[in-house]
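**Q** Here's a structure for you.
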Amino acid sequence: MPRRAWIVGAVALALIVAAGGYLWSRHDDRTSFAWAVGHAPGGVQRLSWTDWAAVREHEHAAGLSQRSSADQLRAFLDHAYDDDLSSTSALVTSAPVLQERFGFSPAIADWELYSQSDQGAVVMLHLPSTVDLDDVADHLRDLGYTEPGEADGVWQGGEDLVARISPSLTGELQYVALDTTDSLVLTSDSAAFLGVAMDAVRGHGARASGLGVVVDDAGEPLSSAVYSGDYACSALAMAHAGPADQAQARRLLAAAGEVNPYSAFAMSDEPDGTVRVAFEFDGDGAARTNADTRATLARGPAPGQGGTFEERFRVTSVTASGSLVVMRLAPRPEASVLSDLSTGPVLFATC
């Protein structure tokens, strides 16, 4: 299914959301995306968001249920991949087994947030109120997970158990916790870090900070990648490119003008088919300067990828408000902008 078939317009999105019935009662007026990021554990450097309910609507798969077959789920996931909407999920390869044996999967989940830090990684999955977490607990018990002494404790699995269940399961399913208050399933490859994540959700531990500005006005994206500035600078640095590409990047930077480091970055697939790229800078002066220079870079050659950025997307707008710069991109047909986060190391990770 081509990307250009995306549902257009905020009004259409509102109708879809209402029809899907996946919005849930939050304790504040933030979007589900902002709420999830705000409840991630402290110290996270990389977050990956997938709004599974909205993606199902987009792919005309709202009829999926826990009774759907693994093949039906695979077909949905294939379409989502073709439309560049599932690259942010940590559960895609595990989804058919989750569907058949765990009592939850992307077929019914509202949304997923995958958080990574130096301490560990955790998947936060929100389920609709129609899903009984006691049933999920029964599945875990039958699969061989060791039940915790407390209802909101960590179900102990481990590497050997996950391998016995299925070789297609991700390591992030080794340990599981159930939060009945907010209808969440949390999973991790570390029991200790899963406990840290549960404390953050319940408000008993440190939560993610420094990322709110780039997500607070993002609305409800279908999928999104959120990086701290330090992580983006390291992971997307032009230092990973070859000598010729690095030299080209230096020439482009010199021609574009002043470029400042940013403290946070978010790239999101929006319901109207655009890609939103947000940067937070140190003050409004740096934001105004970088709105101009980075717009220039986004319309030029693409070092490390070949060709130009305009072969991949068209820049439709660039705005600076306070310390925030927001760039809107219109992807070319069949382009996969979000899943190719190397799109413009010179543009998105200039430190």
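Ordered as shown in the structure tokens, chains take letters A, B, and onward, while each chain numbers its residues from 1 and ligands are numbered from 1 in the order shown.
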From a backbone DSSP assignment, name each residue in segment 204-322 of chain A labelled helix (DSSP H, G or I), as a PyMOL selection string.
**A** chain A and resi 212-216+229-235+238-240+243-256+284-298+309-311
**Q** Can you check which parts of segment 190-281 of chain A lie within 10 Å of segment 300-304 of chain A? Per residue, the shortest pair of atoms and distance in Å to one decimal, counting only C-alpha atoms, sorted by chain and number, as JSON lines.
**A**
```
{"residue": "A:Met238", "atom": "CA", "partner": "A:Gly304", "partner_atom": "CA", "distance": 7.9}
{"residue": "A:His240", "atom": "CA", "partner": "A:Gly304", "partner_atom": "CA", "distance": 8.8}
{"residue": "A:Ala241", "atom": "CA", "partner": "A:Gly304", "partner_atom": "CA", "distance": 5.8}
{"residue": "A:Gly242", "atom": "CA", "partner": "A:Gly304", "partner_atom": "CA", "distance": 7.4}
{"residue": "A:Pro243", "atom": "CA", "partner": "A:Gly304", "partner_atom": "CA", "distance": 9.8}
{"residue": "A:Ala244", "atom": "CA", "partner": "A:Pro303", "partner_atom": "CA", "distance": 8.6}
{"residue": "A:Asp245", "atom": "CA", "partner": "A:Pro303", "partner_atom": "CA", "distance": 5.1}
{"residue": "A:Gln246", "atom": "CA", "partner": "A:Pro303", "partner_atom": "CA", "distance": 7.4}
{"residue": "A:Ala247", "atom": "CA", "partner": "A:Pro303", "partner_atom": "CA", "distance": 9.0}
{"residue": "A:Gln248", "atom": "CA", "partner": "A:Pro303", "partner_atom": "CA", "distance": 6.6}
{"residue": "A:Ala249", "atom": "CA", "partner": "A:Pro303", "partner_atom": "CA", "distance": 6.2}
{"residue": "A:Arg250", "atom": "CA", "partner": "A:Pro303", "partner_atom": "CA", "distance": 9.9}
{"residue": "A:Leu252", "atom": "CA", "partner": "A:Pro301", "partner_atom": "CA", "distance": 8.3}
{"residue": "A:Ala256", "atom": "CA", "partner": "A:Gly300", "partner_atom": "CA", "distance": 9.8}
```
**Q** What would the file look like if the residues just selected were written as a PDB file, in the first residue's frame with N, CA, C and O atoms?
**A**
```pdb
ATOM      1  N   MET A 238      28.212  11.914  11.442  1.00  0.00           N
ATOM      2  CA  MET A 238      28.835  11.713  10.146  1.00  0.00           C
ATOM      3  C   MET A 238      30.163  10.978  10.267  1.00  0.00           C
ATOM      4  O   MET A 238      30.713  10.503   9.276  1.00  0.00           O
ATOM      5  N   HIS A 240      30.513   8.160  11.179  1.00  0.00           N
ATOM      6  CA  HIS A 240      30.289   6.791  10.738  1.00  0.00           C
ATOM      7  C   HIS A 240      30.372   6.658   9.219  1.00  0.00           C
ATOM      8  O   HIS A 240      30.415   5.545   8.701  1.00  0.00           O
ATOM      9  N   ALA A 241      30.356   7.786   8.516  1.00  0.00           N
ATOM     10  CA  ALA A 241      30.398   7.758   7.057  1.00  0.00           C
ATOM     11  C   ALA A 241      31.843   7.675   6.564  1.00  0.00           C
ATOM     12  O   ALA A 241      32.799   7.832   7.323  1.00  0.00           O
ATOM     13  N   GLY A 242      31.994   7.444   5.264  1.00  0.00           N
ATOM     14  CA  GLY A 242      33.316   7.357   4.671  1.00  0.00           C
ATOM     15  C   GLY A 242      33.975   8.721   4.549  1.00  0.00           C
ATOM     16  O   GLY A 242      33.312   9.764   4.675  1.00  0.00           O
ATOM     17  N   PRO A 243      35.277   8.749   4.278  1.00  0.00           N
ATOM     18  CA  PRO A 243      36.017  10.017   4.190  1.00  0.00           C
ATOM     19  C   PRO A 243      35.445  10.980   3.166  1.00  0.00           C
ATOM     20  O   PRO A 243      35.353  12.193   3.425  1.00  0.00           O
ATOM     21  N   ALA A 244      35.036  10.490   1.993  1.00  0.00           N
ATOM     22  CA  ALA A 244      34.502  11.372   0.959  1.00  0.00           C
ATOM     23  C   ALA A 244      33.184  12.009   1.407  1.00  0.00           C
ATOM     24  O   ALA A 244      32.946  13.205   1.176  1.00  0.00           O
ATOM     25  N   ASP A 245      32.323  11.204   2.051  1.00  0.00           N
ATOM     26  CA  ASP A 245      31.049  11.748   2.540  1.00  0.00           C
ATOM     27  C   ASP A 245      31.279  12.754   3.664  1.00  0.00           C
ATOM     28  O   ASP A 245      30.575  13.771   3.744  1.00  0.00           O
ATOM     29  N   GLN A 246      32.236  12.496   4.535  1.00  0.00           N
ATOM     30  CA  GLN A 246      32.546  13.453   5.596  1.00  0.00           C
ATOM     31  C   GLN A 246      33.046  14.771   5.016  1.00  0.00           C
ATOM     32  O   GLN A 246      32.671  15.854   5.497  1.00  0.00           O
ATOM     33  N   ALA A 247      33.875  14.691   3.992  1.00  0.00           N
ATOM     34  CA  ALA A 247      34.382  15.914   3.367  1.00  0.00           C
ATOM     35  C   ALA A 247      33.246  16.694   2.714  1.00  0.00           C
ATOM     36  O   ALA A 247      33.183  17.935   2.821  1.00  0.00           O
ATOM     37  N   GLN A 248      32.329  15.989   2.050  1.00  0.00           N
ATOM     38  CA  GLN A 248      31.185  16.661   1.447  1.00  0.00           C
ATOM     39  C   GLN A 248      30.322  17.332   2.516  1.00  0.00           C
ATOM     40  O   GLN A 248      29.845  18.454   2.338  1.00  0.00           O
ATOM     41  N   ALA A 249      30.132  16.632   3.652  1.00  0.00           N
ATOM     42  CA  ALA A 249      29.331  17.192   4.737  1.00  0.00           C
ATOM     43  C   ALA A 249      29.958  18.475   5.272  1.00  0.00           C
ATOM     44  O   ALA A 249      29.254  19.457   5.540  1.00  0.00           O
ATOM     45  N   ARG A 250      31.265  18.476   5.425  1.00  0.00           N
ATOM     46  CA  ARG A 250      31.925  19.688   5.918  1.00  0.00           C
ATOM     47  C   ARG A 250      31.735  20.854   4.953  1.00  0.00           C
ATOM     48  O   ARG A 250      31.518  22.001   5.387  1.00  0.00           O
ATOM     49  N   LEU A 252      29.189  21.285   2.881  1.00  0.00           N
ATOM     50  CA  LEU A 252      27.793  21.701   2.966  1.00  0.00           C
ATOM     51  C   LEU A 252      27.530  22.533   4.221  1.00  0.00           C
ATOM     52  O   LEU A 252      26.803  23.529   4.185  1.00  0.00           O
ATOM     53  N   ALA A 256      26.178  26.366   4.436  1.00  0.00           N
ATOM     54  CA  ALA A 256      24.836  26.605   4.985  1.00  0.00           C
ATOM     55  C   ALA A 256      24.820  27.708   6.033  1.00  0.00           C
ATOM     56  O   ALA A 256      23.840  28.436   6.165  1.00  0.00           O
TER      57      ALA A 256
END
```
**Q** List the neighbours of Val277 of chain A out to 6 Å using only C-alpha atoms; skip same-chain residues closer than 6 positions along the sequence, and give me the result as a list in words.
**A** Ala266, Met267, Val326 and Met327 of chain A
**Q** Those same residues - C-alpha atoms - I'd like them written as an mmCIF file, in the first residue's frame.
**A**
```cif
data_model
loop_
_atom_site.group_PDB
_atom_site.id
_atom_site.type_symbol
_atom_site.label_atom_id
_atom_site.label_comp_id
_atom_site.auth_asym_id
_atom_site.auth_seq_id
_atom_site.Cartn_x
_atom_site.Cartn_y
_atom_site.Cartn_z
ATOM 1 C CA ALA A 266 11.974 13.659 17.423
ATOM 2 C CA MET A 267 10.922 12.385 14.018
ATOM 3 C CA VAL A 326 9.767 22.022 13.669
ATOM 4 C CA MET A 327 10.346 20.903 10.102
#
```
**Q** At a cut-off of 8 Å, using only C-alpha atoms, what residues contact Phe313 of chain A? Leave out same-chain residues fewer than 2 positions from it and give the result as an MDAnalysis selection string.
**A** chainID A and resid 309:311 315 329:332 335 337
**Q** Set the distance at 7 Å and use only C-alpha atoms: which residues neighbour segment 120-126 of chain A once local chain neighbours fewer than 6 positions away are removed? I'd like the list as a PyMOL selection string.
**A** chain A and resi 109-114+172+183-188+190+193-194
**Q** Excluding Ala34 of chain A and any residue of its chain fewer than 4 positions from it, enumerate the residues within 7 Å of it, using only C-alpha atoms, and give them as a compact mmCIF listing (two decimals) with all heavy atoms, in the first residue's frame.
**A**
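The result, written out as around_39.txt:
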```txt
# COMPACT_ATOMS: atom_id res chain seq x y z
N ARG A 30 -2.58 15.40 28.56
CA ARG A 30 -1.58 15.11 27.55
C ARG A 30 -2.07 14.01 26.59
O ARG A 30 -2.95 13.22 26.92
CB ARG A 30 -0.27 14.67 28.20
CG ARG A 30 0.52 15.80 28.82
CD ARG A 30 1.77 15.28 29.50
NE ARG A 30 1.44 14.49 30.69
CZ ARG A 30 2.36 13.87 31.44
NH1 ARG A 30 3.64 13.92 31.09
NH2 ARG A 30 2.00 13.21 32.51
N GLY A 38 6.48 10.66 29.08
CA GLY A 38 6.62 11.22 30.42
C GLY A 38 6.66 10.19 31.52
O GLY A 38 7.05 10.50 32.65
N VAL A 215 8.01 16.49 22.00
CA VAL A 215 6.86 15.61 21.82
C VAL A 215 5.54 16.25 22.26
O VAL A 215 4.48 15.80 21.84
CB VAL A 215 7.04 14.27 22.57
CG1 VAL A 215 8.32 13.59 22.12
CG2 VAL A 215 7.05 14.45 24.07
N ASP A 216 5.58 17.29 23.10
CA ASP A 216 4.35 17.81 23.69
C ASP A 216 3.37 18.32 22.65
O ASP A 216 2.15 18.22 22.84
CB ASP A 216 4.65 18.91 24.70
CG ASP A 216 5.08 18.33 26.05
OD1 ASP A 216 4.86 17.12 26.26
OD2 ASP A 216 5.63 19.08 26.88
```
